$ cat upload10.cif   # mmCIF, C-alpha atoms
data_work
loop_
_atom_site.group_PDB
_atom_site.id
_atom_site.type_symbol
_atom_site.label_atom_id
_atom_site.label_comp_id
_atom_site.auth_asym_id
_atom_site.auth_seq_id
_atom_site.Cartn_x
_atom_site.Cartn_y
_atom_site.Cartn_z
ATOM 1 C CA MET A 1 209.265 79.273 -145.947
ATOM 2 C CA PRO A 2 206.348 81.699 -145.997
ATOM 3 C CA GLU A 3 206.785 84.798 -143.937
ATOM 4 C CA ASN A 4 203.638 84.590 -141.854
ATOM 5 C CA VAL A 5 204.341 80.971 -140.595
ATOM 6 C CA PRO A 6 206.605 80.938 -137.549
ATOM 7 C CA ALA A 7 209.584 78.612 -137.647
ATOM 8 C CA ASP A 8 209.402 75.376 -135.679
ATOM 9 C CA PRO A 9 211.602 75.900 -132.608
ATOM 10 C CA THR A 10 212.200 72.137 -132.259
ATOM 11 C CA ALA A 11 213.262 71.682 -135.884
ATOM 12 C CA ASN A 12 216.883 70.897 -136.495
ATOM 13 C CA PRO A 13 218.373 73.060 -139.312
ATOM 14 C CA ASP A 14 220.560 70.077 -140.340
ATOM 15 C CA ASP A 15 217.422 68.063 -141.301
ATOM 16 C CA ALA A 16 216.762 70.189 -144.352
ATOM 17 C CA THR A 17 217.376 67.171 -146.587
ATOM 18 C CA MET A 18 214.542 65.071 -145.022
ATOM 19 C CA PRO A 19 211.408 64.842 -147.132
ATOM 20 C CA ALA A 20 208.257 66.338 -145.740
ATOM 21 C CA LEU A 21 205.824 63.874 -144.145
ATOM 22 C CA VAL A 22 202.783 63.277 -146.315
ATOM 23 C CA PRO A 23 199.680 62.041 -144.529
ATOM 24 C CA GLU A 24 198.401 58.624 -145.679
ATOM 25 C CA PRO A 25 195.032 58.591 -147.391
ATOM 26 C CA ASP A 26 192.071 57.569 -145.238
ATOM 27 C CA PRO A 27 190.906 54.103 -146.368
ATOM 28 C CA TRP A 28 187.370 54.906 -145.195
ATOM 29 C CA ALA A 29 187.132 58.129 -147.101
ATOM 30 C CA PRO A 30 184.675 57.960 -150.033
ATOM 31 C CA ALA A 31 186.299 57.307 -153.365
ATOM 32 C CA THR A 32 186.094 60.309 -155.597
ATOM 33 C CA SER A 33 186.424 58.395 -158.857
ATOM 34 C CA ALA A 34 183.369 56.093 -158.348
ATOM 35 C CA THR A 35 180.027 57.358 -159.445
ATOM 36 C CA ALA A 36 176.875 56.737 -157.457
ATOM 37 C CA SER A 37 175.694 54.090 -159.927
ATOM 38 C CA GLU A 38 179.021 52.201 -159.673
ATOM 39 C CA ALA A 39 178.785 52.259 -155.874
ATOM 40 C CA ALA A 40 175.199 51.000 -155.954
ATOM 41 C CA ALA A 41 176.222 48.207 -158.338
ATOM 42 C CA ALA A 42 179.098 47.201 -156.017
ATOM 43 C CA ILE A 43 176.747 47.127 -153.022
ATOM 44 C CA ALA A 44 174.191 45.057 -154.936
ATOM 45 C CA GLN A 45 176.927 42.629 -155.983
ATOM 46 C CA ALA A 46 178.151 42.302 -152.367
ATOM 47 C CA GLU A 47 174.583 41.727 -151.131
ATOM 48 C CA ASP A 48 174.067 39.063 -153.815
ATOM 49 C CA ARG A 49 177.289 37.281 -152.791
ATOM 50 C CA LEU A 50 176.213 37.428 -149.145
ATOM 51 C CA LEU A 51 172.772 35.960 -149.912
ATOM 52 C CA ARG A 52 174.285 33.197 -152.048
ATOM 53 C CA LEU A 53 176.791 32.349 -149.320
ATOM 54 C CA ALA A 54 174.034 32.238 -146.678
ATOM 55 C CA ALA A 55 171.920 29.967 -148.902
ATOM 56 C CA GLU A 56 174.914 27.725 -149.588
ATOM 57 C CA TYR A 57 175.625 27.412 -145.859
ATOM 58 C CA ASP A 58 171.959 26.649 -145.126
ATOM 59 C CA ASN A 59 171.965 23.928 -147.800
ATOM 60 C CA TYR A 60 175.210 22.497 -146.346
ATOM 61 C CA ARG A 61 173.707 22.415 -142.844
ATOM 62 C CA LYS A 62 170.545 20.674 -144.058
ATOM 63 C CA ARG A 63 172.542 18.177 -146.118
ATOM 64 C CA THR A 64 174.832 17.231 -143.212
ATOM 65 C CA LEU A 65 171.841 16.796 -140.869
ATOM 66 C CA ARG A 66 170.136 14.572 -143.449
ATOM 67 C CA GLU A 67 173.317 12.522 -144.004
ATOM 68 C CA LYS A 68 173.806 12.124 -140.254
ATOM 69 C CA SER A 69 170.216 10.944 -139.842
ATOM 70 C CA GLU A 70 170.575 8.509 -142.748
ATOM 71 C CA ALA A 71 173.803 7.091 -141.288
ATOM 72 C CA PHE A 72 172.121 6.597 -137.913
ATOM 73 C CA ASP A 73 169.180 4.871 -139.606
ATOM 74 C CA ARG A 74 171.538 2.546 -141.523
ATOM 75 C CA GLY A 75 173.269 1.586 -138.271
ATOM 76 C CA ALA A 76 169.972 1.009 -136.484
ATOM 77 C CA THR A 77 168.738 -1.075 -139.419
ATOM 78 C CA ALA A 78 171.852 -3.252 -139.278
ATOM 79 C CA LEU A 79 171.265 -3.912 -135.558
ATOM 80 C CA VAL A 80 167.577 -4.684 -136.080
ATOM 81 C CA VAL A 81 168.410 -7.126 -138.889
ATOM 82 C CA ARG A 82 170.803 -8.947 -136.550
ATOM 83 C CA LEU A 83 168.087 -9.107 -133.856
ATOM 84 C CA LEU A 84 165.480 -10.583 -136.208
ATOM 85 C CA ALA A 85 166.853 -14.107 -135.670
ATOM 86 C CA VAL A 86 166.394 -13.660 -131.925
ATOM 87 C CA LEU A 87 162.820 -12.436 -132.480
ATOM 88 C CA ASP A 88 162.138 -15.490 -134.624
ATOM 89 C CA ASP A 89 163.388 -17.726 -131.811
ATOM 90 C CA ILE A 90 161.145 -15.919 -129.322
ATOM 91 C CA ASP A 91 158.165 -16.401 -131.660
ATOM 92 C CA ARG A 92 158.915 -20.135 -131.943
ATOM 93 C CA LEU A 93 159.308 -20.401 -128.182
ATOM 94 C CA SER A 94 156.022 -18.627 -127.470
ATOM 95 C CA ALA A 95 154.218 -20.761 -130.073
ATOM 96 C CA SER A 96 155.320 -23.992 -128.411
ATOM 97 C CA ASP A 97 152.510 -26.039 -126.926
ATOM 98 C CA PRO A 98 152.694 -26.117 -123.103
ATOM 99 C CA ALA A 99 150.963 -29.482 -123.084
ATOM 100 C CA THR A 100 153.768 -31.129 -125.074
ATOM 101 C CA THR A 101 156.720 -29.045 -123.874
ATOM 102 C CA SER A 102 158.286 -29.762 -120.504
ATOM 103 C CA TYR A 103 159.354 -26.950 -118.233
ATOM 104 C CA GLU A 104 162.979 -28.061 -118.466
ATOM 105 C CA SER A 105 163.071 -27.939 -122.265
ATOM 106 C CA PHE A 106 161.238 -24.596 -122.274
ATOM 107 C CA ARG A 107 163.754 -23.207 -119.751
ATOM 108 C CA ALA A 108 166.684 -24.535 -121.803
ATOM 109 C CA ALA A 109 165.287 -22.931 -124.988
ATOM 110 C CA TYR A 110 164.820 -19.667 -123.110
ATOM 111 C CA GLY A 111 168.467 -19.796 -121.987
ATOM 112 C CA VAL A 112 169.620 -20.312 -125.597
ATOM 113 C CA VAL A 113 167.559 -17.328 -126.799
ATOM 114 C CA GLU A 114 168.880 -15.144 -123.953
ATOM 115 C CA LYS A 115 172.505 -16.024 -124.772
ATOM 116 C CA LYS A 116 171.897 -15.333 -128.454
ATOM 117 C CA LEU A 117 170.423 -11.902 -127.640
ATOM 118 C CA GLN A 118 173.324 -11.050 -125.300
ATOM 119 C CA LYS A 119 175.828 -12.113 -127.968
ATOM 120 C CA GLU A 120 174.222 -9.852 -130.597
ATOM 121 C CA LEU A 121 174.082 -6.883 -128.225
ATOM 122 C CA GLU A 122 177.685 -7.407 -127.107
ATOM 123 C CA SER A 123 178.841 -7.532 -130.720
ATOM 124 C CA ALA A 124 177.072 -4.183 -131.197
ATOM 125 C CA GLY A 125 179.115 -2.696 -128.316
ATOM 126 C CA LEU A 126 176.912 -3.251 -125.242
ATOM 127 C CA GLU A 127 178.609 -4.437 -122.031
ATOM 128 C CA ARG A 128 176.939 -5.579 -118.802
ATOM 129 C CA ILE A 129 178.007 -4.066 -115.481
ATOM 130 C CA ASP A 130 177.502 -6.624 -112.688
ATOM 131 C CA PRO A 131 180.080 -5.603 -110.067
ATOM 132 C CA VAL A 132 179.484 -8.015 -107.153
ATOM 133 C CA GLY A 133 182.728 -8.199 -105.149
ATOM 134 C CA ALA A 134 184.315 -5.229 -106.970
ATOM 135 C CA PRO A 135 185.191 -1.912 -105.293
ATOM 136 C CA PHE A 136 182.345 0.600 -105.395
ATOM 137 C CA ASP A 137 182.805 3.102 -108.245
ATOM 138 C CA PRO A 138 180.248 5.948 -108.312
ATOM 139 C CA THR A 139 180.903 6.502 -112.032
ATOM 140 C CA GLN A 140 179.758 2.922 -112.776
ATOM 141 C CA HIS A 141 177.446 2.094 -109.870
ATOM 142 C CA GLU A 142 174.501 3.641 -108.060
ATOM 143 C CA ALA A 143 174.386 2.738 -104.372
ATOM 144 C CA VAL A 144 170.769 2.112 -103.362
ATOM 145 C CA ALA A 145 171.439 0.267 -100.100
ATOM 146 C CA ASP A 146 174.264 -0.367 -97.686
ATOM 147 C CA ALA A 147 175.269 -3.181 -95.375
ATOM 148 C CA ALA A 148 177.713 -3.561 -92.535
ATOM 149 C CA PRO A 149 180.915 -5.213 -93.761
ATOM 150 C CA GLU A 150 181.622 -8.718 -92.504
ATOM 151 C CA ALA A 151 185.392 -8.084 -92.760
ATOM 152 C CA ASP A 152 187.511 -4.904 -92.756
ATOM 153 C CA ASP A 153 188.664 -5.399 -96.360
ATOM 154 C CA GLN A 154 185.031 -5.390 -97.606
ATOM 155 C CA ASP A 155 184.466 -1.689 -96.850
ATOM 156 C CA GLN A 156 183.237 0.166 -99.980
ATOM 157 C CA THR A 157 182.859 -3.125 -101.876
ATOM 158 C CA VAL A 158 179.720 -4.117 -103.787
ATOM 159 C CA LYS A 159 177.761 -6.769 -101.859
ATOM 160 C CA ALA A 160 174.851 -7.331 -104.288
ATOM 161 C CA THR A 161 173.524 -6.080 -107.613
ATOM 162 C CA PHE A 162 169.829 -5.223 -107.683
ATOM 163 C CA GLN A 163 169.821 -4.150 -111.340
ATOM 164 C CA VAL A 164 172.714 -4.684 -113.747
ATOM 165 C CA GLY A 165 174.102 -1.642 -115.496
ATOM 166 C CA TYR A 166 175.222 -1.233 -119.090
ATOM 167 C CA ARG A 167 178.012 0.465 -121.017
ATOM 168 C CA TYR A 168 177.709 1.157 -124.714
ATOM 169 C CA LYS A 169 181.081 1.396 -126.435
ATOM 170 C CA GLY A 170 182.726 2.326 -123.142
ATOM 171 C CA ALA A 171 180.201 4.974 -122.014
ATOM 172 C CA VAL A 172 177.894 4.173 -119.103
ATOM 173 C CA ILE A 173 174.296 4.320 -120.306
ATOM 174 C CA ARG A 174 172.825 2.906 -117.097
ATOM 175 C CA PRO A 175 174.761 2.490 -113.834
ATOM 176 C CA ALA A 176 174.385 -0.751 -111.906
ATOM 177 C CA ARG A 177 172.085 -0.378 -108.886
ATOM 178 C CA VAL A 178 173.973 -2.007 -106.032
ATOM 179 C CA GLN A 179 174.192 -2.664 -102.312
ATOM 180 C CA VAL A 180 177.532 -1.586 -100.856
ATOM 181 C CA TYR A 181 179.392 -2.682 -97.750
ATOM 182 C CA SER A 182 179.943 0.468 -95.716
ATOM 183 C CA SER A 183 181.440 0.869 -92.265
ATOM 184 C CA HIS A 184 180.073 4.443 -92.156
ATOM 185 C CA GLY A 185 176.493 3.235 -92.302
ATOM 186 C CA VAL A 186 175.704 5.127 -95.530
ATOM 187 C CA ALA A 187 177.104 4.365 -98.954
#
$ encode --input "upload10.cif" --output "structure tokens"
Amino acid sequence: MPENVPADPTANPDDATMPALVPEPDPWAPATSATASEAAAAIAQAEDRLLRLAAEYDNYRKRTLREKSEAFDRGATALVVRLLAVLDDIDRLSASDPATTSYESFRAAYGVVEKKLQKELESAGLERIDPVGAPFDPTQHEAVADAAPEADDQDQTVKATFQVGYRYKGAVIRPARVQVYSSHGVA
């Protein structure tokens, strides 16, 4: 031990066999072996990788948006193709001569076209919500009027449907507009 360095008063003389602690190198310290041109080349390479990665991500994002749009268009096209038969029936119905077509046959043809349209829409996932007599459910129905219940068990029950609602694949896309029996006077 040098003479001008005082001895550590907390040091244990029995620890003479322990190796001296060597500080770890600083990972952020500049490397002494790299030249300025090597460092510049490494930075340029990292910037190039970053730009390529950003361009690749941008291309991926654009491609997925395009594929999503194309898939939606294919689905919409399939539905439209299925509805073309209904449109043809409507064209034939509107081209019928009122002088030779009775009201009853026109009404019957209209009923057939309506059922055909409902069948196609239901097969696509559309469901009607017509809740007359069912308990009022604010997640499925919109109360636009109320009425005094005729019996105690009718409270908060749908009395009439003013406009049917629709669900598409289980999600309400338009609630049914209904009149509700309410003993409180307001539904």
$ resolve_selection --input "upload10.cif" --expression "the PyMOL selection byres ((chain A and resi 137) around 10)" --output "mmCIF file with C-alpha atoms, keeping the file's coordinate frame"
data_model
loop_
_atom_site.group_PDB
_atom_site.id
_atom_site.type_symbol
_atom_site.label_atom_id
_atom_site.label_comp_id
_atom_site.auth_asym_id
_atom_site.auth_seq_id
_atom_site.Cartn_x
_atom_site.Cartn_y
_atom_site.Cartn_z
ATOM 1 C CA PRO A 131 180.080 -5.603 -110.067
ATOM 2 C CA ALA A 134 184.315 -5.229 -106.970
ATOM 3 C CA PRO A 135 185.191 -1.912 -105.293
ATOM 4 C CA PHE A 136 182.345 0.600 -105.395
ATOM 5 C CA PRO A 138 180.248 5.948 -108.312
ATOM 6 C CA THR A 139 180.903 6.502 -112.032
ATOM 7 C CA GLN A 140 179.758 2.922 -112.776
ATOM 8 C CA HIS A 141 177.446 2.094 -109.870
ATOM 9 C CA GLU A 142 174.501 3.641 -108.060
ATOM 10 C CA ALA A 143 174.386 2.738 -104.372
ATOM 11 C CA GLN A 156 183.237 0.166 -99.980
ATOM 12 C CA THR A 157 182.859 -3.125 -101.876
ATOM 13 C CA VAL A 158 179.720 -4.117 -103.787
ATOM 14 C CA PRO A 175 174.761 2.490 -113.834
ATOM 15 C CA ALA A 176 174.385 -0.751 -111.906
#
$ resolve_selection --input "upload10.cif" --expression "the PyMOL selection byres ((chain A and resi 106) around 12)" --output "ChimeraX atom specification"
/A:89-90,92-105,107-113
$ closest_residue --input "upload10.cif" --among "A:Ala39, A:Ala46, A:Val86, A:Val164" --to "Glu127 (chain A)" --atoms "all atoms listed in the file"
A:Val164
$ closest_residue --input "upload10.cif" --among "A:Val132, A:Gln154, A:Ala148, A:Gly165" --to "His184 (chain A)" --atoms "only C-alpha atoms"
A:Ala148
$ atom_distance --input "upload10.cif" --atom1 "CA of Leu87 (chain A)" --atom2 "CA of Leu117 (chain A)"
9.0 Å
$ atom_distance --input "upload10.cif" --atom1 "CA of Phe162 (chain A)" --atom2 "CA of Tyr181 (chain A)"
14.0 Å
$ closest_residue --input "upload10.cif" --among "A:Ala42, A:Val178, A:Ala85, A:Ile129" --to "Lys116 (chain A)" --atoms "only C-alpha atoms"
A:Ala85
$ atom_distance --input "upload10.cif" --atom1 "CA of Gln179 (chain A)" --atom2 "CA of Ala147 (chain A)"
7.0 Å
$ axis_aligned_box --input "upload10.cif" --around "region 81-92 of chain A" --padding-each-side "3 Å" --output "AutoDock Vina command-line options"
--center_x 164.5 --center_y -13.6 --center_z -134.1 --size_x 18.6 --size_y 19.0 --size_z 15.6
$ closest_residue --input "upload10.cif" --among "A:Ala76, A:Ala151, A:Val144, A:Ala124" --to "Gly170 (chain A)" --atoms "all atoms listed in the file"
A:Ala124
$ decode --input "upload10.cif" --residues "region 131-144 of chain A" --atoms "all heavy atoms" --output "PDB file, in the first residue's frame"
ATOM      1  N   PRO A 131     -91.532  -6.392 -31.176  1.00  0.00           N
ATOM      2  CA  PRO A 131     -91.682  -6.945 -29.823  1.00  0.00           C
ATOM      3  C   PRO A 131     -93.055  -6.810 -29.167  1.00  0.00           C
ATOM      4  O   PRO A 131     -93.131  -6.791 -27.942  1.00  0.00           O
ATOM      5  CB  PRO A 131     -90.647  -6.140 -29.050  1.00  0.00           C
ATOM      6  CG  PRO A 131     -90.704  -4.798 -29.696  1.00  0.00           C
ATOM      7  CD  PRO A 131     -90.943  -5.067 -31.152  1.00  0.00           C
ATOM      8  N   VAL A 132     -94.128  -6.713 -29.902  1.00  0.00           N
ATOM      9  CA  VAL A 132     -95.451  -6.542 -29.282  1.00  0.00           C
ATOM     10  C   VAL A 132     -95.696  -7.676 -28.284  1.00  0.00           C
ATOM     11  O   VAL A 132     -95.541  -8.845 -28.612  1.00  0.00           O
ATOM     12  CB  VAL A 132     -96.559  -6.506 -30.351  1.00  0.00           C
ATOM     13  CG1 VAL A 132     -97.937  -6.488 -29.693  1.00  0.00           C
ATOM     14  CG2 VAL A 132     -96.400  -5.298 -31.241  1.00  0.00           C
ATOM     15  N   GLY A 133     -96.035  -7.289 -27.040  1.00  0.00           N
ATOM     16  CA  GLY A 133     -96.315  -8.262 -25.984  1.00  0.00           C
ATOM     17  C   GLY A 133     -95.086  -8.685 -25.189  1.00  0.00           C
ATOM     18  O   GLY A 133     -95.200  -9.335 -24.162  1.00  0.00           O
ATOM     19  N   ALA A 134     -93.899  -8.311 -25.641  1.00  0.00           N
ATOM     20  CA  ALA A 134     -92.652  -8.677 -24.952  1.00  0.00           C
ATOM     21  C   ALA A 134     -92.307  -7.611 -23.910  1.00  0.00           C
ATOM     22  O   ALA A 134     -92.734  -6.454 -24.025  1.00  0.00           O
ATOM     23  CB  ALA A 134     -91.522  -8.816 -25.952  1.00  0.00           C
ATOM     24  N   PRO A 135     -91.523  -7.963 -22.902  1.00  0.00           N
ATOM     25  CA  PRO A 135     -91.071  -6.945 -21.938  1.00  0.00           C
ATOM     26  C   PRO A 135     -90.214  -5.888 -22.644  1.00  0.00           C
ATOM     27  O   PRO A 135     -89.453  -6.199 -23.553  1.00  0.00           O
ATOM     28  CB  PRO A 135     -90.225  -7.733 -20.932  1.00  0.00           C
ATOM     29  CG  PRO A 135     -90.626  -9.151 -21.117  1.00  0.00           C
ATOM     30  CD  PRO A 135     -91.077  -9.303 -22.524  1.00  0.00           C
ATOM     31  N   PHE A 136     -90.364  -4.644 -22.205  1.00  0.00           N
ATOM     32  CA  PHE A 136     -89.593  -3.551 -22.784  1.00  0.00           C
ATOM     33  C   PHE A 136     -88.115  -3.739 -22.462  1.00  0.00           C
ATOM     34  O   PHE A 136     -87.741  -3.991 -21.325  1.00  0.00           O
ATOM     35  CB  PHE A 136     -90.088  -2.206 -22.242  1.00  0.00           C
ATOM     36  CG  PHE A 136     -89.281  -1.038 -22.706  1.00  0.00           C
ATOM     37  CD1 PHE A 136     -89.355  -0.610 -24.016  1.00  0.00           C
ATOM     38  CD2 PHE A 136     -88.445  -0.364 -21.834  1.00  0.00           C
ATOM     39  CE1 PHE A 136     -88.608   0.463 -24.463  1.00  0.00           C
ATOM     40  CE2 PHE A 136     -87.689   0.715 -22.259  1.00  0.00           C
ATOM     41  CZ  PHE A 136     -87.769   1.138 -23.574  1.00  0.00           C
ATOM     42  N   ASP A 137     -87.269  -3.643 -23.484  1.00  0.00           N
ATOM     43  CA  ASP A 137     -85.819  -3.777 -23.332  1.00  0.00           C
ATOM     44  C   ASP A 137     -85.171  -2.572 -24.002  1.00  0.00           C
ATOM     45  O   ASP A 137     -85.179  -2.462 -25.233  1.00  0.00           O
ATOM     46  CB  ASP A 137     -85.339  -5.069 -23.989  1.00  0.00           C
ATOM     47  CG  ASP A 137     -83.834  -5.274 -23.879  1.00  0.00           C
ATOM     48  OD1 ASP A 137     -83.141  -4.412 -23.294  1.00  0.00           O
ATOM     49  OD2 ASP A 137     -83.354  -6.303 -24.384  1.00  0.00           O
ATOM     50  N   PRO A 138     -84.615  -1.630 -23.230  1.00  0.00           N
ATOM     51  CA  PRO A 138     -84.064  -0.415 -23.834  1.00  0.00           C
ATOM     52  C   PRO A 138     -82.864  -0.669 -24.758  1.00  0.00           C
ATOM     53  O   PRO A 138     -82.498   0.209 -25.529  1.00  0.00           O
ATOM     54  CB  PRO A 138     -83.667   0.444 -22.632  1.00  0.00           C
ATOM     55  CG  PRO A 138     -83.577  -0.495 -21.482  1.00  0.00           C
ATOM     56  CD  PRO A 138     -84.503  -1.623 -21.775  1.00  0.00           C
ATOM     57  N   THR A 139     -82.272  -1.849 -24.703  1.00  0.00           N
ATOM     58  CA  THR A 139     -81.172  -2.147 -25.627  1.00  0.00           C
ATOM     59  C   THR A 139     -81.692  -2.594 -26.992  1.00  0.00           C
ATOM     60  O   THR A 139     -80.933  -2.615 -27.961  1.00  0.00           O
ATOM     61  CB  THR A 139     -80.243  -3.241 -25.068  1.00  0.00           C
ATOM     62  OG1 THR A 139     -80.986  -4.462 -24.931  1.00  0.00           O
ATOM     63  CG2 THR A 139     -79.654  -2.828 -23.731  1.00  0.00           C
ATOM     64  N   GLN A 140     -82.985  -2.959 -27.065  1.00  0.00           N
ATOM     65  CA  GLN A 140     -83.590  -3.429 -28.308  1.00  0.00           C
ATOM     66  C   GLN A 140     -84.706  -2.502 -28.806  1.00  0.00           C
ATOM     67  O   GLN A 140     -85.042  -2.541 -29.976  1.00  0.00           O
ATOM     68  CB  GLN A 140     -84.210  -4.823 -28.099  1.00  0.00           C
ATOM     69  CG  GLN A 140     -83.280  -5.855 -27.535  1.00  0.00           C
ATOM     70  CD  GLN A 140     -82.345  -6.400 -28.584  1.00  0.00           C
ATOM     71  OE1 GLN A 140     -82.737  -6.639 -29.712  1.00  0.00           O
ATOM     72  NE2 GLN A 140     -81.091  -6.600 -28.233  1.00  0.00           N
ATOM     73  N   HIS A 141     -85.268  -1.718 -27.896  1.00  0.00           N
ATOM     74  CA  HIS A 141     -86.452  -0.922 -28.213  1.00  0.00           C
ATOM     75  C   HIS A 141     -86.231   0.538 -27.854  1.00  0.00           C
ATOM     76  O   HIS A 141     -85.483   0.844 -26.927  1.00  0.00           O
ATOM     77  CB  HIS A 141     -87.671  -1.431 -27.430  1.00  0.00           C
ATOM     78  CG  HIS A 141     -87.802  -2.920 -27.407  1.00  0.00           C
ATOM     79  ND1 HIS A 141     -88.071  -3.615 -26.259  1.00  0.00           N
ATOM     80  CD2 HIS A 141     -87.682  -3.842 -28.382  1.00  0.00           C
ATOM     81  CE1 HIS A 141     -88.121  -4.913 -26.531  1.00  0.00           C
ATOM     82  NE2 HIS A 141     -87.890  -5.075 -27.820  1.00  0.00           N
ATOM     83  N   GLU A 142     -86.925   1.408 -28.581  1.00  0.00           N
ATOM     84  CA  GLU A 142     -86.932   2.834 -28.264  1.00  0.00           C
ATOM     85  C   GLU A 142     -88.373   3.209 -27.949  1.00  0.00           C
ATOM     86  O   GLU A 142     -89.251   3.120 -28.816  1.00  0.00           O
ATOM     87  CB  GLU A 142     -86.425   3.648 -29.457  1.00  0.00           C
ATOM     88  CG  GLU A 142     -86.454   5.132 -29.234  1.00  0.00           C
ATOM     89  CD  GLU A 142     -86.056   5.927 -30.458  1.00  0.00           C
ATOM     90  OE1 GLU A 142     -85.547   5.335 -31.431  1.00  0.00           O
ATOM     91  OE2 GLU A 142     -86.258   7.146 -30.437  1.00  0.00           O
ATOM     92  N   ALA A 143     -88.614   3.603 -26.703  1.00  0.00           N
ATOM     93  CA  ALA A 143     -89.976   3.966 -26.292  1.00  0.00           C
ATOM     94  C   ALA A 143     -90.277   5.367 -26.806  1.00  0.00           C
ATOM     95  O   ALA A 143     -89.594   6.320 -26.467  1.00  0.00           O
ATOM     96  CB  ALA A 143     -90.101   3.915 -24.778  1.00  0.00           C
ATOM     97  N   VAL A 144     -91.311   5.484 -27.647  1.00  0.00           N
ATOM     98  CA  VAL A 144     -91.700   6.784 -28.184  1.00  0.00           C
ATOM     99  C   VAL A 144     -93.050   7.242 -27.646  1.00  0.00           C
ATOM    100  O   VAL A 144     -93.438   8.386 -27.841  1.00  0.00           O
ATOM    101  CB  VAL A 144     -91.702   6.782 -29.731  1.00  0.00           C
ATOM    102  CG1 VAL A 144     -90.295   6.593 -30.260  1.00  0.00           C
ATOM    103  CG2 VAL A 144     -92.618   5.723 -30.292  1.00  0.00           C
TER     104      VAL A 144
END
